[in-house]
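A short worksheet on the structure shown next.
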Amino acid sequence: MHLTRIDASAVLAIYEQPFPELAFAAITAHRASFDPLAIQRSTLLSVKTGGCSEDCGYCAQSARRETHVRPEPLAQLDEVVAAARAAKAEGATRFCMGAAWRGVKDGPAFERVLAMVREVNALGMESCVTLGALQPHQAQALRDAGLQYYNHNLDTSRAYYPQVVSTHAYDDRLQTLERARAAGLKLCCGGIVGMGESRNDRVALIAELAAMESPPESVPVNLLVPIEGTPLAERATFDPIELVRTVATLRIVLPSSHIRLAAGRSEMSAELQTLCFLLGANSIFSGDRLLTTENAALDSDAALFAALGMHAETGSESR
Ligand code: SAM
Ligand code: DTB
Ligand code: SF4
């Protein structure tokens, strides 16, 4: 069942239920659509790092900030294929390539990204790219190259977005999502918690995702990775129960989407990750690195899955 046009007050009522009620509803929804033992795994690669024109307050890759990131040109095709092969060998079913662009420009760089997509598909992995804003013909070219998923996050509520980003607008993000959908791409779209937003902002983001004409198949929930040199470097620690409520509410309102416990997992205890998996998170980023920061270690993921009697989804199970 997909609850269409659910509004923020209905989402808030779900989110604020007494925890045992929220947990029961989330577990029930999870079991109705998914094998509760299986976790899908995607591996990230930054194919074009840093030097971005935008001013997203959380991001290490904005050219407007002094961070640990050294800008790098677009990766060569053979490096990307080698990284995708390694990710497949480690058991990831999806390979996600990220570029620190405001948006795609037609030309040789985009042609190379299209070639990367074709090569990842040829390995039998699902492909995902995140390249910023798209024109309709660029979305179509990605689809024609065989791309399955386009990642483009709304990141927070419409109201809080201007506090975090000033160089593009919330409606620009929605327009790119519509263009990707119109080209037949699956959507990976979620947000970041821990940026100083309120509970109402988290709820408004969830309502925004649930109200989309065709909601995203994949919803990353990133916990802010504080980056030195950015305006959000000094954020106070985030209440872990709010993270669990966010995951559980997403599971209830988007019952057939994969909910990904995305960035920030290396700072989460095994107990916190376990609660998230129990209440509906069924995807993670696996591998040593995210884009410019470290990810949770592969061996600690394997140890946690073993302790919980859970396992990684294989390609044939992923949608
Ligand atoms: N430039 C493209 C864009 O903005 O869509 C793609 C790359 S951007 C780095 C992809 C997403 O990574 C962001 O929308 C945000 O959700 C996430 N992200 C980036 N930096 C982060 C951080 N420090 N902590 C948590 N999530 C982060
Ligand atoms: C998403 O939602 N999270 C990923 C992916 N989509 C592209 C990126 C996380 C980045 C974390 C900070 C960094 O490594 O720079
Ligand atoms: Fe650029 Fe994307 Fe980072 Fe914003 S989130 S600064 S658009 S790379």
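Labeling convention for the structure tokens: chains A, B, ... as they appear, residues from 1 per chain, ligands from 1 in order of appearance.
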Exercise. For ligand 1, collect every residue having any atom at a distance of at most 7 Å from a ligand atom (counting only C-alpha atoms and all ligand atoms); output as JSON, numbers by chain.
Key: {"A": [58, 59, 60, 98, 99, 100, 101, 102, 130, 131, 132, 151, 152, 153, 154, 155, 190, 191, 192, 222, 223, 224, 225, 226, 227, 263, 264]}
Quiz item: Contacts of stretch 173-184 of chain A at 8 Å or less, counting only C-alpha atoms, minus same-chain residues fewer than 2 places along, as a ChimeraX atom specification?
Solution: /A:133-136,139-140,143,150,152-154,169-171,186-187
Exercise. Using only C-alpha atoms, pick whichever of A:Tyr161, A:Phe285, A:Phe305, A:Phe110 has the shortest atom-to-atom distance to A:Leu44.
Key: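 Counting only C-alpha atoms, the residue closest to A:Leu44 is A:Phe285.
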Exercise. Would you list, as a ChimeraX atom specification, the residues of stretch 184-313 of chain A that end up in alpha helix (DSSP H) under DSSP run on this structure's backbone?
Key: /A:199-210,240-253,270-278,298-308
How would the residues just chosen look if you wrote them out with N, CA and C atoms as a CSV table (one decimal), in the first residue's frame?
```
chain,number,residue,atom,x,y,z
A,199,ARG,N,12.5,18.9,14.4
A,199,ARG,CA,11.8,17.7,14.2
A,199,ARG,C,10.8,18.0,13.0
A,200,ASN,N,10.1,19.2,13.1
A,200,ASN,CA,9.2,19.6,12.0
A,200,ASN,C,9.8,19.6,10.6
A,201,ASP,N,11.1,20.0,10.6
A,201,ASP,CA,11.8,20.0,9.3
A,201,ASP,C,12.0,18.5,8.8
A,202,ARG,N,12.3,17.6,9.7
A,202,ARG,CA,12.5,16.2,9.3
A,202,ARG,C,11.2,15.7,8.8
A,203,VAL,N,10.1,16.0,9.6
A,203,VAL,CA,8.8,15.5,9.2
A,203,VAL,C,8.4,16.1,7.8
A,204,ALA,N,8.7,17.4,7.6
A,204,ALA,CA,8.3,18.0,6.3
A,204,ALA,C,9.0,17.4,5.2
A,205,LEU,N,10.3,17.0,5.4
A,205,LEU,CA,11.0,16.3,4.3
A,205,LEU,C,10.4,14.9,4.0
A,206,ILE,N,10.0,14.2,5.1
A,206,ILE,CA,9.4,12.9,4.9
A,206,ILE,C,8.1,13.1,4.1
A,207,ALA,N,7.3,14.1,4.5
A,207,ALA,CA,6.0,14.4,3.8
A,207,ALA,C,6.2,14.7,2.3
A,208,GLU,N,7.3,15.5,2.1
A,208,GLU,CA,7.6,15.9,0.7
A,208,GLU,C,7.9,14.7,-0.1
A,209,LEU,N,8.7,13.7,0.4
A,209,LEU,CA,9.0,12.5,-0.3
A,209,LEU,C,7.8,11.6,-0.6
A,210,ALA,N,7.0,11.5,0.5
A,210,ALA,CA,5.8,10.7,0.4
A,210,ALA,C,4.7,11.3,-0.6
A,240,PRO,N,20.1,10.1,18.9
A,240,PRO,CA,19.9,8.9,18.1
A,240,PRO,C,18.5,8.4,18.0
A,241,ILE,N,17.7,8.7,19.0
A,241,ILE,CA,16.2,8.3,18.9
A,241,ILE,C,15.5,9.1,17.8
A,242,GLU,N,15.9,10.3,17.5
A,242,GLU,CA,15.3,11.0,16.4
A,242,GLU,C,15.7,10.4,15.1
A,243,LEU,N,16.9,9.9,15.0
A,243,LEU,CA,17.3,9.1,13.8
A,243,LEU,C,16.4,7.9,13.6
A,244,VAL,N,16.2,7.2,14.7
A,244,VAL,CA,15.4,5.9,14.6
A,244,VAL,C,14.0,6.3,14.2
A,245,ARG,N,13.5,7.3,14.8
A,245,ARG,CA,12.1,7.8,14.5
A,245,ARG,C,12.0,8.2,13.0
A,246,THR,N,13.0,8.8,12.5
A,246,THR,CA,13.0,9.2,11.1
A,246,THR,C,13.0,8.0,10.2
A,247,VAL,N,13.8,7.0,10.5
A,247,VAL,CA,13.9,5.8,9.7
A,247,VAL,C,12.5,5.0,9.8
A,248,ALA,N,12.0,4.9,11.0
A,248,ALA,CA,10.7,4.2,11.2
A,248,ALA,C,9.6,4.8,10.4
A,249,THR,N,9.5,6.2,10.5
A,249,THR,CA,8.4,6.9,9.9
A,249,THR,C,8.5,6.7,8.3
A,250,LEU,N,9.8,6.8,7.8
A,250,LEU,CA,10.0,6.6,6.4
A,250,LEU,C,9.5,5.2,6.0
A,251,ARG,N,9.8,4.2,6.8
A,251,ARG,CA,9.4,2.9,6.5
A,251,ARG,C,7.9,2.7,6.4
A,252,ILE,N,7.2,3.4,7.3
A,252,ILE,CA,5.7,3.4,7.3
A,252,ILE,C,5.1,4.1,6.1
A,253,VAL,N,5.6,5.3,5.8
A,253,VAL,CA,4.9,6.1,4.7
A,253,VAL,C,5.4,5.7,3.3
A,270,ALA,N,26.8,-0.1,17.2
A,270,ALA,CA,26.1,-1.3,16.7
A,270,ALA,C,24.6,-1.4,17.1
A,271,GLU,N,24.4,-0.9,18.3
A,271,GLU,CA,23.0,-0.9,18.9
A,271,GLU,C,22.1,0.0,18.1
A,272,LEU,N,22.6,1.2,17.8
A,272,LEU,CA,21.8,2.2,17.0
A,272,LEU,C,21.5,1.6,15.6
A,273,GLN,N,22.6,1.1,15.0
A,273,GLN,CA,22.3,0.5,13.6
A,273,GLN,C,21.3,-0.6,13.7
A,274,THR,N,21.4,-1.4,14.7
A,274,THR,CA,20.5,-2.6,14.9
A,274,THR,C,19.1,-2.1,15.0
A,275,LEU,N,18.8,-1.0,15.8
A,275,LEU,CA,17.5,-0.5,15.9
A,275,LEU,C,17.0,0.0,14.6
A,276,CYS,N,17.9,0.7,13.8
A,276,CYS,CA,17.5,1.2,12.5
A,276,CYS,C,17.1,0.0,11.6
A,277,PHE,N,17.9,-1.1,11.6
A,277,PHE,CA,17.6,-2.2,10.7
A,277,PHE,C,16.3,-2.9,11.1
A,278,LEU,N,16.1,-3.0,12.4
A,278,LEU,CA,14.9,-3.6,12.9
A,278,LEU,C,13.6,-2.8,12.5
A,298,LEU,N,34.2,-2.5,6.4
A,298,LEU,CA,33.5,-3.8,5.9
A,298,LEU,C,33.5,-4.9,6.9
A,299,ASP,N,34.6,-5.0,7.6
A,299,ASP,CA,34.7,-6.2,8.6
A,299,ASP,C,33.7,-5.9,9.8
A,300,SER,N,33.5,-4.6,10.2
A,300,SER,CA,32.6,-4.4,11.3
A,300,SER,C,31.2,-4.6,10.8
A,301,ASP,N,30.9,-4.3,9.5
A,301,ASP,CA,29.6,-4.6,9.0
A,301,ASP,C,29.3,-6.1,9.0
A,302,ALA,N,30.3,-6.8,8.5
A,302,ALA,CA,30.2,-8.3,8.5
A,302,ALA,C,30.0,-8.9,9.8
A,303,ALA,N,30.7,-8.4,10.8
A,303,ALA,CA,30.5,-8.8,12.2
A,303,ALA,C,29.1,-8.5,12.7
A,304,LEU,N,28.6,-7.4,12.4
A,304,LEU,CA,27.3,-7.0,12.9
A,304,LEU,C,26.2,-7.9,12.2
A,305,PHE,N,26.3,-8.1,10.9
A,305,PHE,CA,25.4,-8.9,10.2
A,305,PHE,C,25.4,-10.3,10.9
A,306,ALA,N,26.6,-10.8,11.1
A,306,ALA,CA,26.7,-12.2,11.7
A,306,ALA,C,26.1,-12.2,13.1
A,307,ALA,N,26.3,-11.2,13.9
A,307,ALA,CA,25.8,-11.2,15.3
A,307,ALA,C,24.3,-11.2,15.2
A,308,LEU,N,23.7,-10.5,14.2
A,308,LEU,CA,22.2,-10.3,14.1
A,308,LEU,C,21.6,-11.4,13.3
```
Quiz prompt | Test item, strand (DSSP E or B) assignment across stretch 63-292 of chain A, answer as number ranges by chain | solution = A: 94-99, 103, 126-130, 133, 149-151, 155, 186-188, 191-193, 218-223, 258-261, 283-285, 289
Print the selection's residues with C-alpha atoms to a file, as a compact mmCIF listing (two decimals), in the first residue's frame.
```txt
# COMPACT_ATOMS: atom_id res chain seq x y z
CA ARG A 94 24.86 -1.22 -6.82
CA PHE A 95 27.68 1.12 -7.79
CA CYS A 96 27.04 4.85 -7.24
CA MET A 97 29.20 7.46 -8.92
CA GLY A 98 29.18 11.04 -7.63
CA ALA A 99 30.35 14.25 -9.29
CA GLY A 103 24.68 20.21 -12.89
CA GLU A 126 22.97 -1.74 -10.77
CA SER A 127 24.21 1.73 -11.68
CA CYS A 128 23.49 5.02 -9.94
CA VAL A 129 24.91 8.48 -10.56
CA THR A 130 24.59 11.80 -8.75
CA ALA A 133 20.88 19.27 -11.99
CA TYR A 149 19.05 5.15 -10.47
CA TYR A 150 19.56 8.89 -10.25
CA ASN A 151 20.48 10.22 -6.80
CA ASP A 155 18.25 17.06 1.92
CA LYS A 186 14.44 5.16 -10.66
CA LEU A 187 14.97 7.78 -7.99
CA CYS A 188 17.29 7.76 -5.02
CA GLY A 191 18.22 13.86 3.09
CA ILE A 192 20.51 14.68 5.96
CA VAL A 193 19.67 14.76 9.66
CA SER A 218 15.62 4.43 -2.63
CA VAL A 219 15.76 6.87 0.30
CA PRO A 220 19.17 7.66 1.83
CA VAL A 221 19.12 8.94 5.40
CA ASN A 222 22.47 10.64 5.94
CA LEU A 223 23.62 11.64 9.41
CA HIS A 258 14.62 0.78 0.25
CA ILE A 259 15.57 3.01 3.19
CA ARG A 260 19.34 3.48 3.37
CA LEU A 261 21.30 4.17 6.51
CA SER A 283 20.24 -0.64 2.72
CA ILE A 284 23.71 0.71 3.51
CA PHE A 285 26.76 2.10 1.78
CA ARG A 289 34.93 5.37 1.62
```
